[in-house]
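This report refers to the structure that appears directly beneath it.
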2 protein chains.
Amino acid sequence: MVHQFFYPKSIAIIGATSDPKKFGNAVTANLLENKELEAEIYPINPKATEIFGLKCYKSVLEVEKEIDLALILVPSKAVPIVIDQCIEKKVKRVIIISAGFGEVNEEGKRIEQELKRKSLDAGMRLMGPNCVGIQNVDIGMNASFVQTPIEGNVSMVTQSGSFGAAILYEMWWQGLGFSKFANLGNMIDVNLTDLLEYFIDDEVTKVVTVYLENVIDGRAFYNKLVEVAAKKPTVVLKGGRTAAGMKSASSHTGSIATDYNSLKTAVKQAGATLCESLGDYIAAIKAFSFLPEPQGGKIGVLTNSGGSAVLFSDHSEEMGLELVEFSEEFKQKIAPHVIPLVKKVNPLDMIAGANGEGYYQVTKAMLEDPNIDIVVPCCVVPTFLEMKPDEHYKGVIRAWNETGRKKPIFPIFMSGSILEAIKDFAEKEKAPIFLSPREAAFAVKVLYERMKNHSK
Amino acid sequence: MVHQFFYPKSIAIIGATSDPKKFGNAVTANLLENKELEAEIYPINPKATEIFGLKCYKSVLEVEKEIDLALILVPSKAVPIVIDQCIEKKVKRVIIISAGFGEVNEEGKRIEQELKRKSLDAGMRLMGPNCVGIQNVDIGMNASFVQTPIEGNVSMVTQSGSFGAAILYEMWWQGLGFSKFANLGNMIDVNLTDLLEYFIDDEVTKVVTVYLENVIDGRAFYNKLVEVAAKKPTVVLKGGRTAAGMKSASSHTGSIATDYNSLKTAVKQAGATLCESLGDYIAAIKAFSFLPEPQGGKIGVLTNSGGSAVLFSDHSEEMGLELVEFSEEFKQKIAPHVIPLVKKVNPLDMIAGANGEGYYQVTKAMLEDPNIDIVVPCCVVPTFLEMKPDEHYKGVIRAWNETGRKKPIFPIFMSGSILEAIKDFAEKEKAPIFLSPREAAFAVKVLYERMKNHSK
């Protein structure tokens with residue numbers, strides 16, 4: 001059922017317009033932007049004859065061919081009549097992007113129920129209302145008014161559209177790519193559980209992510225979460241954990257948020273990954289999207305910077321992780337690659353003079369060491385000794401590539417201002433950068449926990 | 001005593017070199033980079049006659065004029081003889097940047113004690129060894145091998161040099177500026193307490209920040225912390241909170257870390273701000289550096305994005321903060337500036353179409369409302385409706401400027417990839433950007449707590 005939302009052969013944009021101040025313009029522009037998208041696009045607007053060079057239709061009823069998906073962007077009071085037309089036209093799937101329904105008042109809720117009943121009776125399924133739309137990056141379809149992300153293996157379902165947009169920005173900036181994106185808004189028909197169900201067997205989707213504020217049928221959602229998490233890493237962030245948050249949540253989706261503690265327990269029991277902040281959510285997605293699972297929990301840390309490794313060690317212990325003792329063999333192996341001052345303990349502090357070659361050699365030694373499951377290269381990028389700002393990171397990734405990317409690595413580069421120097425390389429290589437010791441420790445934790453769940 | 005480290009009239013660089021692969025080169029280049037620095041610079045190297053166009057001396061004894069500050073960058077085994085020469089020359093202050101002492105072995109510790117005894121007997125004070133050096137941005141002095149930060153009101157003392165370098169990068173990137181920076185390394189003489197003492201009365205220093213791994217004299221440190229925190233916001237991050245962290249800390253500074261819980265209690269009792277991650281540390285510094293203290297704890301939130309305000313509300317409640325109920329007057333005042341769909345509750349969700357003018361008007365109304373002490377404008381920057389990526393932020397700052405910056409604002413822009421569009425403006429205006437709901441909530445919390453400490 002959800003499949004047809006993501007793979008329509010023809011799309012009507014009801015409320016398409018040339019006026020750049022309207023959402024119907026943004027959605028049309030986004031759909032036309034990617035020339036690879038093979039679906040037929042039908043702009044619908046009674047007041048126009050042509051939009052972006054395409055013929056414009058007065059209503060869906062004027063379109064001769066079948067319409068798989070209709071996007072509705074007309075004002076809320078015009079939505080019921082448009083829905084009637086869609087039903088008459090036998091449109092298969094509809095996304096009501098327009099706001100002004102259950103999130104506003106009781107009358108809005110009543111209209112929602114009516115729309116739902118009529119549509120389901122006709123076998124027409126609905127997403128929304130009050131949403132930004134959906135995207136299927138695999139086929140170049142941006143059926144939303146938000147920006148197009150880069151291609152990747154993460155699929156996301158979010159109740160909040162603007163939160164989704166924020167995540168799109170953040171993931172783009174961090175080189176993380178999407179497969180499918182759906183914002184469900186008020187969820188009068190298609191809901192979170194339906195999307196989870198769909199992601200289970202979607203081949204491109206490697207990581208499933210959910211941002212939710214309320215759950216309509218908790219039991220069904222939980223059962224589906226168990227299924228999806230058994231097959232794929234599943235990252236969950238709940239907005240409205242507290243009374244204040246719940247109040248905010250209901251002010252914008254018109255629903256009472258679910259009790260957080262029971263959700264928390266359910267998510268954990270399902271073997272999914274629960275996050276409690278935007279930062280943790282991104283860290284977990286990054287770990288699952290880029291990295292293989294470890295074979296165990298033994299961590300090796302290298303660094304040119306005492307402080308960052310100290311902080312990583314603190315966060316690791318607080319999260320129940322373990323830094324391994326280096327073997328004698330390992331110490332001998334790395335000896336030629338570090339200066340004599342360096343104490344051969346974990347974290348291995350190679351001191352400020354360590355260069356890209358040193359990072360390459362020591363990272364490789366750790367990746368090849370049967371005693372180490374997880375490698376954490378910390379680096380404060382030096383601005384001195386003729387070192388290039390990207391040589392340490394490149395050394396790390398070279399070692400990772402040469403060892404077949406079999407073990408997970410968590411490169412911590414605490415270097416806001418010079419990150420640009422390595423970001424392009426990271427994106428090209430599809431390799432992660434962690435921005436703080438805490439972010440990396442959290443990412444290690446969630447990846448390790450998933451491994452432990454598997455081996456139960 | 002510390003003053004002369006930061007305001008030397010003459011500086012000798014012992015181990016200055018033209019070889020760009022050595023730290024002595026980086027320090028010399030940094031000292032010569034800023035033409036505003038008025039101190040005389042004397043490169044010292046027995047094997048050179050000229051470095052960077054300056055006459056080079058074989059030893060400090062060859063320099064005719066007085067030397068206020070000597071920076072030592074020769075290999076550790078040559079340090080004792082160089083120290084003897086400094087004593088003979090009656091150099092006032094010395095920073096031993098060279099590593100290879102107490103952090104390496106017992107013999108190193110013994111040599112440190114000898115250097116300390118000789119120097120103090122001669123009235124010569126020491127920083128280091130095993131450090132990156134110091135900076136006084138006010139006078140354009142970068143006496144370190146790390147990069148030069150932007151000018152500002154934050155002063156920092158750090159035990160870990162590379163952690164300091166990471167903070168320099170991060171603060172630079174976030175538009176946060178330094179006054180004074182000191183990395184103390186093994187702290188055989190000048191220690192954390194001395195620096196705190198100095199920052200108390202330093203006029204440019206508005207915010208004092210400390211990164212520490214161990215405290216030598218806990219009682220003296222605590223007493224000084226009470227003094228400095230009574231006068232200025234003081235932000236403390238401790239590396240080596242856990243057994244794993246302590247082990248890492250001692251592997252790189254050669255010292256046993258202090259028991260964390262007693263430190264934690266002491267820092268809080270002193271009225272300083274304790275942070276437990278790099279992110280929190282930066283958030284706290286940002287709040288204190290950019291913002292005035294609030295007059296109370298009542299928070300008003302505006303947003304174009306439900307999700308981000310929901311998450312901010314969650315973090316706020318978890319941190320014991322309070323979102324205010326809007327007054328009838330306020331609701332009437334903002335009515336013309338939001339679309340009718342908008343529910344007039346806190347957080348005020350103005351929905352995705354809200355533009356820069358809307359942000360300006362509503363932020364201003366909150367800043368003028370006697371019922372609101374703290375204003376949190378959340379924004380997911382839209383890529384549609386012809387909005388400019390910086391118009392929302394500019395609207396917020398315009399409102400803040402027009403109301404005399406009397407109340408603190410915490411603009412949350414969860415927009416990694418488009419942050420560049422507003423960063424220059426923020427830096428020019430010396431205004432903050434918070435990168436996530438959690439970061440902003442933590443910043444609100446620390447600023448509000450400082451206010452409460454004041455009013456006790």
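Residue numbers start at 1 in each chain; chains themselves are named A, B, ... in the order of the structure tokens; ligands are numbered from 1 in the order shown.
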Could you build a table of the residues in chain A lying no more than 6 Å from chain B, giving for each the nearest pair of atoms and their separation in Å rounded to one decimal place, using only C-alpha atoms, ordered by chain and ascending residue number, as CSV?
residue,atom,partner,partner_atom,distance
A:Pro20,CA,B:Leu385,CA,5.5
A:Lys21,CA,B:Leu385,CA,4.3
A:Lys22,CA,B:Leu385,CA,5.8
A:Ala26,CA,B:Phe384,CA,5.9
A:Ser160,CA,B:Gly307,CA,5.4
A:Ser162,CA,B:Ser305,CA,4.8
A:Phe163,CA,B:Gly307,CA,4.8
A:Ala166,CA,B:Met414,CA,5.7
A:Tyr169,CA,B:Ser417,CA,5.3
A:Glu170,CA,B:Gly416,CA,4.7
A:Trp173,CA,B:Ser417,CA,4.4
A:Gly239,CA,B:Leu311,CA,5.5
A:Gly240,CA,B:Val310,CA,5.9
A:Arg241,CA,B:Asp314,CA,5.9
A:Thr242,CA,B:Asp314,CA,5.3
A:Ala244,CA,B:Ser313,CA,5.4
A:Gly245,CA,B:Asp314,CA,4.5
A:Ser248,CA,B:Val310,CA,5.2
A:Ala249,CA,B:Val310,CA,5.6
A:His252,CA,B:Gly306,CA,5.8
A:Ser305,CA,B:Ser162,CA,4.8
A:Gly306,CA,B:His252,CA,5.8
A:Gly307,CA,B:Phe163,CA,4.8
A:Ser308,CA,B:Phe163,CA,6.0
A:Val310,CA,B:Gly245,CA,4.9
A:Leu311,CA,B:Gly239,CA,5.5
A:Ser313,CA,B:Gly245,CA,4.6
A:Asp314,CA,B:Gly245,CA,4.5
A:Val380,CA,B:Ala166,CA,5.8
A:Phe384,CA,B:Ala26,CA,5.9
A:Leu385,CA,B:Lys21,CA,4.3
A:Met414,CA,B:Ala166,CA,5.7
A:Ser415,CA,B:Tyr169,CA,5.4
A:Gly416,CA,B:Glu170,CA,4.7
A:Ser417,CA,B:Trp173,CA,4.4
Find the spatial neighbours of stretch 283-286 of chain A, counting only C-alpha atoms, within a cut-off of 12 Å - ignore same-chain residues fewer than 6 positions away - and output them as number ranges by chain. A: 152-156, 167, 170-178, 206-210, 232-237, 272-277, 292, 408-412, 430-450
Which parts of stretch 225-273 of chain B does DSSP call strand (DSSP E) when run on the backbone here, written out as a ChimeraX atom specification? /B:234-238,273
Among stretch 250-422 of chain B, which residues carry a DSSP assignment of alpha helix (DSSP H), reported as a CSV table (one decimal) with C-alpha atoms, in the first residue's frame?
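Result file is part_11.csv:
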chain,number,residue,atom,x,y,z
B,250,SER,CA,47.6,10.2,33.8
B,251,SER,CA,49.0,8.7,30.6
B,252,HIS,CA,49.4,12.1,29.2
B,253,THR,CA,50.2,14.5,32.1
B,260,TYR,CA,35.5,13.7,40.7
B,261,ASN,CA,32.6,13.8,43.1
B,262,SER,CA,34.3,16.1,45.6
B,263,LEU,CA,35.4,18.4,42.8
B,264,LYS,CA,31.8,18.4,41.4
B,265,THR,CA,30.4,19.4,44.7
B,266,ALA,CA,33.1,22.1,45.2
B,267,VAL,CA,32.6,23.6,41.8
B,268,LYS,CA,28.9,23.9,42.3
B,269,GLN,CA,29.2,25.3,45.8
B,278,LEU,CA,32.7,19.5,25.0
B,279,GLY,CA,29.2,20.5,23.7
B,280,ASP,CA,28.0,21.7,27.1
B,281,TYR,CA,31.3,23.5,27.7
B,282,ILE,CA,30.9,25.5,24.4
B,283,ALA,CA,27.2,26.1,25.1
B,284,ALA,CA,28.0,27.6,28.5
B,285,ILE,CA,30.8,29.7,27.2
B,286,LYS,CA,28.6,31.0,24.4
B,287,ALA,CA,25.8,31.9,26.8
B,288,PHE,CA,28.1,33.9,29.2
B,289,SER,CA,30.2,35.5,26.4
B,290,PHE,CA,27.3,36.8,24.3
B,306,GLY,CA,6.8,22.2,15.8
B,307,GLY,CA,9.4,19.5,16.3
B,308,SER,CA,12.3,21.7,17.3
B,309,ALA,CA,10.1,23.6,19.9
B,310,VAL,CA,8.8,20.3,21.2
B,311,LEU,CA,12.4,19.0,21.7
B,312,PHE,CA,13.3,22.3,23.4
B,313,SER,CA,10.3,22.0,25.7
B,314,ASP,CA,11.4,18.5,26.6
B,315,HIS,CA,15.0,19.5,27.4
B,316,SER,CA,13.7,22.5,29.3
B,317,GLU,CA,11.5,20.6,31.6
B,318,GLU,CA,14.2,17.9,32.2
B,328,GLU,CA,-3.9,38.2,26.9
B,329,GLU,CA,-2.0,41.5,26.1
B,330,PHE,CA,0.8,39.6,24.5
B,331,LYS,CA,-1.6,37.5,22.4
B,332,GLN,CA,-3.3,40.6,21.1
B,333,LYS,CA,0.0,42.2,20.3
B,334,ILE,CA,1.2,39.4,18.2
B,356,GLY,CA,11.9,37.3,8.7
B,357,GLU,CA,9.4,40.0,9.5
B,358,GLY,CA,7.3,37.7,11.5
B,359,TYR,CA,10.3,36.6,13.5
B,360,TYR,CA,11.3,40.2,14.1
B,361,GLN,CA,7.8,41.2,15.3
B,362,VAL,CA,7.2,38.3,17.6
B,363,THR,CA,10.8,38.3,19.0
B,364,LYS,CA,10.4,42.0,19.7
B,365,ALA,CA,7.0,41.5,21.4
B,366,MET,CA,8.5,38.8,23.6
B,367,LEU,CA,11.5,41.0,24.5
B,368,GLU,CA,9.2,43.8,25.4
B,391,GLU,CA,16.1,36.6,7.1
B,392,HIS,CA,14.8,34.9,10.2
B,393,TYR,CA,18.0,35.2,12.1
B,394,LYS,CA,18.4,38.8,11.0
B,395,GLY,CA,14.8,39.5,12.2
B,396,VAL,CA,15.6,38.1,15.6
B,397,ILE,CA,18.9,40.1,16.0
B,398,ARG,CA,17.2,43.3,14.8
B,399,ALA,CA,14.6,42.9,17.6
B,400,TRP,CA,17.3,42.2,20.1
B,401,ASN,CA,19.3,45.2,19.1
B,402,GLU,CA,16.3,47.5,19.1
B,420,GLU,CA,27.3,29.5,6.7
B,421,ALA,CA,24.6,31.8,5.4
B,422,ILE,CA,24.1,33.4,8.8
Between A:Asp390, A:Glu62, A:Asp217, A:Glu33, single out the one closest to A:Asn45, counting only C-alpha atoms. A:Glu62
Close residues, A:Asp194 itself excluded, 9 Å, only C-alpha atoms, min 5 positions apart in chain, as a short mmCIF file (atom, residue, chain, number, x, y, z; two decimals) with C-alpha atoms, in the first residue's frame:
data_model
loop_
_atom_site.label_atom_id
_atom_site.label_comp_id
_atom_site.auth_asym_id
_atom_site.auth_seq_id
_atom_site.Cartn_x
_atom_site.Cartn_y
_atom_site.Cartn_z
CA MET A 1 0.00 0.00 0.00
CA VAL A 2 2.77 2.46 0.96
CA PHE A 199 10.78 -0.14 5.34
CA PHE A 221 3.37 0.12 16.50
CA LYS A 224 5.99 -3.62 13.96
#
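When atom CA of B:Gln135 is paired with atom CA of B:Phe181, their separation reads 4.9 Å.
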State, in Å with one decimal place, the distance from atom CA of B:Ile216 to atom CA of B:Asp84. 26.1 Å
Find the residue from B:Ile200, B:Ala229, B:Leu302, B:Ile41 that sits nearest to B:Cys56; use only C-alpha atoms when measuring. B:Ile41
Neighbour list for B:Ile44 as an MDAnalysis selection string, cut-off 10 Å, only C-alpha atoms, skip fewer than 3 positions in-chain: chainID B and resid 12:17 24 41 47:51 55:63 70:72
For the residues selected in the previous step, produce a file with C-alpha atoms as a compact mmCIF listing (two decimals), in the first residue's frame.
# COMPACT_ATOMS: atom_id res chain seq x y z
CA ALA B 12 63.21 35.17 23.64
CA ILE B 13 62.36 32.06 21.62
CA ILE B 14 64.91 29.46 22.64
CA GLY B 15 64.83 26.87 19.88
CA ALA B 16 63.59 29.26 17.18
CA THR B 17 64.25 27.79 13.75
CA GLY B 24 60.18 26.34 17.31
CA ILE B 41 61.41 39.29 19.75
CA LYS B 47 73.21 27.17 14.69
CA ALA B 48 71.58 30.15 12.98
CA THR B 49 72.43 33.80 12.39
CA GLU B 50 69.05 34.97 11.12
CA ILE B 51 65.48 33.65 11.42
CA LYS B 55 69.03 38.50 14.08
CA CYS B 56 69.44 35.16 15.82
CA TYR B 57 71.39 34.83 19.09
CA LYS B 58 73.44 31.83 20.20
CA SER B 59 72.00 31.98 23.73
CA VAL B 60 69.98 34.32 25.91
CA LEU B 61 73.28 35.47 27.39
CA GLU B 62 74.13 37.13 24.09
CA VAL B 63 71.03 39.34 24.20
CA ALA B 70 61.58 33.11 27.42
CA LEU B 71 59.83 30.34 25.50
CA ILE B 72 61.79 27.08 25.54
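The space separating atom CA of B:Phe5 from atom CA of B:Lys231 comes to 22.7 Å.
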